[in-house]
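Below: one structure, written as structure tokens.
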Amino acid sequence: MKKTILFIMAMILAFGAAATDRFYIEDFTINPGETITVSIQLDNEVSYTAFQSDLFMPEGLTATNFALTDRKNSNHTFTATILPDGGIRLLSYSLKLKTYSDNSGALVTFDVTSSEDFEGDASIRLTGTIFTTEAGLEVPFDDENCTVSLSATGIRGDVNGDNVVNIADVTALIDILLGSSTAPSSADCNLDNAVNISDVTSLIDYLLSGSWN
């Protein structure tokens, strides 16, 4: 009888949490040709030991280098597998039923790379998300959408602001280094938070290879 009562209480807690617990990606911005690290957040009132979720990336964005954050337990296993429909299935579990730590914050991180012609206003989807409690109950989560926009800083390497990256931007960048004008954020071609001669080298390498190193 005691086990039955505990089981019923666990069910009530778990399914009550389904309305408030979330597994989601916050909206973010990105430049064409840029790679940034993105987090999938877990806000939870109930402790969970495992989850499954399918991630769908829009055209122009690719996802790589998936990993659990330090909210995992050392016993947690994690995989990211490409599905036949193009989605990416995220799967994590603990054979010893260890729970993820804390009640909010990033649980998964991954790198997002945008194509050179990415135009923004796209959506990343998380669907079919299910978390499992210590009692073995499956808790379905709502589907989530994340909006990805172009960064207000402009196109990387578009130093003269004409929405095209070409040799004219090299000239504009050299003029900036000689003190003729203030550097826009798009002049930081190697993304080291400074504008100097190394950005000229990075920009020329891009024009010769067609990709940012």
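Lettering and numbering for the structure tokens are positional, with chains as A, B, ... in the shown order, residues counted from 1 in each chain, and ligands counted from 1 in the shown order.
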Can you check which parts of segment 14-69 of chain A lie within 6 Å of segment 140-157 of chain A? Per residue, the shortest pair of atoms and distance in Å to one decimal, counting only C-alpha atoms, sorted by chain and number, as a Markdown table.
| residue | atom | partner | partner_atom | distance |
| --- | --- | --- | --- | --- |
| A:Ala18 | CA | A:Phe141 | CA | 5.8 |
| A:Tyr24 | CA | A:Glu144 | CA | 5.9 |
| A:Ile25 | CA | A:Cys146 | CA | 5.7 |
| A:Glu26 | CA | A:Cys146 | CA | 6.0 |
| A:Asp27 | CA | A:Thr147 | CA | 4.9 |
| A:Phe28 | CA | A:Val148 | CA | 5.3 |
| A:Thr29 | CA | A:Ser149 | CA | 4.7 |
| A:Ile30 | CA | A:Ser151 | CA | 4.9 |
| A:Asn31 | CA | A:Ser151 | CA | 5.4 |
Take the selection from the previous step and output its residues with N, CA, C and O atoms, as a short mmCIF file (atom, residue, chain, number, x, y, z; two decimals), in the first residue's frame.
data_model
loop_
_atom_site.label_atom_id
_atom_site.label_comp_id
_atom_site.auth_asym_id
_atom_site.auth_seq_id
_atom_site.Cartn_x
_atom_site.Cartn_y
_atom_site.Cartn_z
N ALA A 18 4.78 18.90 -15.83
CA ALA A 18 4.82 18.97 -17.29
C ALA A 18 4.32 20.31 -17.81
O ALA A 18 4.72 20.77 -18.88
N TYR A 24 14.32 24.13 -23.66
CA TYR A 24 14.16 25.13 -24.71
C TYR A 24 15.49 25.83 -25.03
O TYR A 24 16.45 25.76 -24.26
N ILE A 25 15.50 26.51 -26.19
CA ILE A 25 16.64 27.33 -26.61
C ILE A 25 16.17 28.77 -26.66
O ILE A 25 15.12 29.07 -27.26
N GLU A 26 16.89 29.66 -26.05
CA GLU A 26 16.53 31.07 -26.10
C GLU A 26 16.83 31.64 -27.49
O GLU A 26 17.77 31.21 -28.16
N ASP A 27 16.02 32.60 -27.92
CA ASP A 27 16.26 33.26 -29.21
C ASP A 27 17.67 33.85 -29.23
O ASP A 27 18.17 34.33 -28.21
N PHE A 28 18.30 33.82 -30.41
CA PHE A 28 19.65 34.39 -30.51
C PHE A 28 19.89 34.95 -31.91
O PHE A 28 19.09 34.73 -32.83
N THR A 29 20.98 35.70 -32.04
CA THR A 29 21.38 36.26 -33.33
C THR A 29 22.71 35.68 -33.76
O THR A 29 23.50 35.22 -32.93
N ILE A 30 22.94 35.71 -35.06
CA ILE A 30 24.18 35.16 -35.62
C ILE A 30 24.49 35.87 -36.92
O ILE A 30 23.59 36.36 -37.62
N ASN A 31 25.76 35.97 -37.26
CA ASN A 31 26.19 36.55 -38.53
C ASN A 31 26.35 35.46 -39.57
O ASN A 31 26.67 34.32 -39.24
#
Practice item. Considering only C-alpha atoms, return as number ranges by chain whatever protein or nucleic-acid residues lie within 9 Å of segment 102-111 of chain A, sequence-local ones (same chain, fewer than 5 positions apart) excluded. Key: A: 23, 35-47, 62-72
Neighbouring residues of Val170 of chain A were defined as those with any atom within 9 Å, considering only C-alpha atoms; residues of the same chain fewer than 6 positions away were excluded. Please report them as a CSV table (one decimal) with all heavy atoms, in the first residue's frame.
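Now in selection-v2.csv:
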chain,number,residue,atom,x,y,z
A,157,GLY,N,33.0,40.8,-42.0
A,157,GLY,CA,33.9,41.2,-43.1
A,157,GLY,C,33.4,42.2,-44.0
A,157,GLY,O,34.1,42.8,-44.9
A,159,VAL,N,33.1,45.4,-44.2
A,159,VAL,CA,33.6,46.6,-43.5
A,159,VAL,C,33.0,47.9,-44.0
A,159,VAL,O,32.7,48.8,-43.3
A,159,VAL,CB,35.2,46.6,-43.7
A,159,VAL,CG1,35.7,47.8,-42.9
A,159,VAL,CG2,35.8,45.3,-43.2
A,200,VAL,N,43.0,42.0,-41.4
A,200,VAL,CA,43.2,42.1,-42.9
A,200,VAL,C,43.7,40.8,-43.4
A,200,VAL,O,43.2,40.3,-44.4
A,200,VAL,CB,44.3,43.2,-43.1
A,200,VAL,CG1,44.7,43.2,-44.6
A,200,VAL,CG2,43.9,44.5,-42.6
A,203,LEU,N,40.6,38.5,-43.5
A,203,LEU,CA,39.7,38.9,-44.6
A,203,LEU,C,40.2,38.4,-45.9
A,203,LEU,O,39.5,37.9,-46.8
A,203,LEU,CB,39.5,40.4,-44.6
A,203,LEU,CG,38.5,41.0,-45.6
A,203,LEU,CD1,37.2,40.3,-45.6
A,203,LEU,CD2,38.4,42.5,-45.4
A,204,ILE,N,41.5,38.6,-46.2
A,204,ILE,CA,42.1,38.2,-47.4
A,204,ILE,C,42.1,36.6,-47.6
A,204,ILE,O,41.7,36.1,-48.6
A,204,ILE,CB,43.6,38.7,-47.5
A,204,ILE,CG1,43.6,40.2,-47.7
A,204,ILE,CG2,44.3,38.0,-48.7
A,204,ILE,CD1,45.0,40.8,-47.6
Review point. Rounded to one decimal in Å, what is the spacing between atom CA of Ile197 of chain A and atom CA of Asn166 of chain A?
Key: 17.0 Å
Practice item. Check the DSSP output for the backbone and give back, as JSON, numbers by chain, the residues of segment 9-85 of chain A in strand (DSSP E or B). Key: {"A": [22, 23, 24, 28, 29, 30, 35, 36, 37, 38, 39, 40, 41, 42, 43, 48, 49, 50, 51, 52, 53, 54, 55, 56, 61, 62, 63, 64, 65, 66, 67, 68, 76, 77, 78, 79, 80, 81, 82]}
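Taking segment 53-204 of chain A and asking which residues DSSP calls helix (DSSP H, G or I) on the backbone, you get A:Ile167, A:Ala168, A:Asp169, A:Val170, A:Thr171, A:Ala172, A:Leu173, A:Ile174, A:Asp175, A:Ile176, A:Leu177, A:Ser185, A:Ser186, A:Ala187, A:Ile197, A:Ser198, A:Asp199, A:Val200, A:Thr201, A:Ser202, A:Leu203, A:Ile204.
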Write out, as a CSV table (one decimal), in the first residue's frame, the residues just selected, with C-alpha atoms.
chain,number,residue,atom,x,y,z
A,167,ILE,CA,38.2,43.3,-52.1
A,168,ALA,CA,36.6,46.7,-51.4
A,169,ASP,CA,36.3,45.7,-47.8
A,170,VAL,CA,40.1,45.1,-47.6
A,171,THR,CA,40.6,48.7,-48.7
A,172,ALA,CA,38.1,50.0,-46.2
A,173,LEU,CA,39.7,48.0,-43.4
A,174,ILE,CA,43.2,49.3,-44.2
A,175,ASP,CA,41.8,52.8,-44.3
A,176,ILE,CA,40.4,52.2,-40.8
A,177,LEU,CA,43.7,51.0,-39.5
A,185,SER,CA,32.0,45.5,-35.4
A,186,SER,CA,32.0,43.7,-38.8
A,187,ALA,CA,35.6,44.7,-39.2
A,197,ILE,CA,46.3,44.0,-39.0
A,198,SER,CA,45.4,40.3,-38.3
A,199,ASP,CA,41.8,41.1,-39.5
A,200,VAL,CA,43.2,42.1,-42.9
A,201,THR,CA,45.0,38.7,-43.1
A,202,SER,CA,41.8,37.0,-42.1
A,203,LEU,CA,39.7,38.9,-44.6
A,204,ILE,CA,42.1,38.2,-47.4
Practice item. Name all residues at most 12 Å from Asn75 of chain A (count only C-alpha atoms; drop same-chain ones fewer than 2 positions away) and give them as number ranges by chain. Key: A: 49-50, 68, 70-73, 77-78, 92-100
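Considering only C-alpha atoms, the residue among A:Tyr206, A:Phe118, A:Phe131, A:Phe51 positioned nearest to Ala80 of chain A is A:Phe51.
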Practice item. Find the residue from A:Thr79, A:Ser181, A:Ser74, A:Ser211 that sits nearest to Pro32 of chain A; use only C-alpha atoms when measuring. Key: A:Ser211
Review point. Which is closer to Val195 of chain A than all the others in A:Ala183, A:Val112, A:Ala122, A:Leu55, using only C-alpha atoms?
Key: A:Ala183
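Taking atom CA of Leu126 of chain A as the reference point, atom CA of Arg22 of chain A is found at 10.8 Å.
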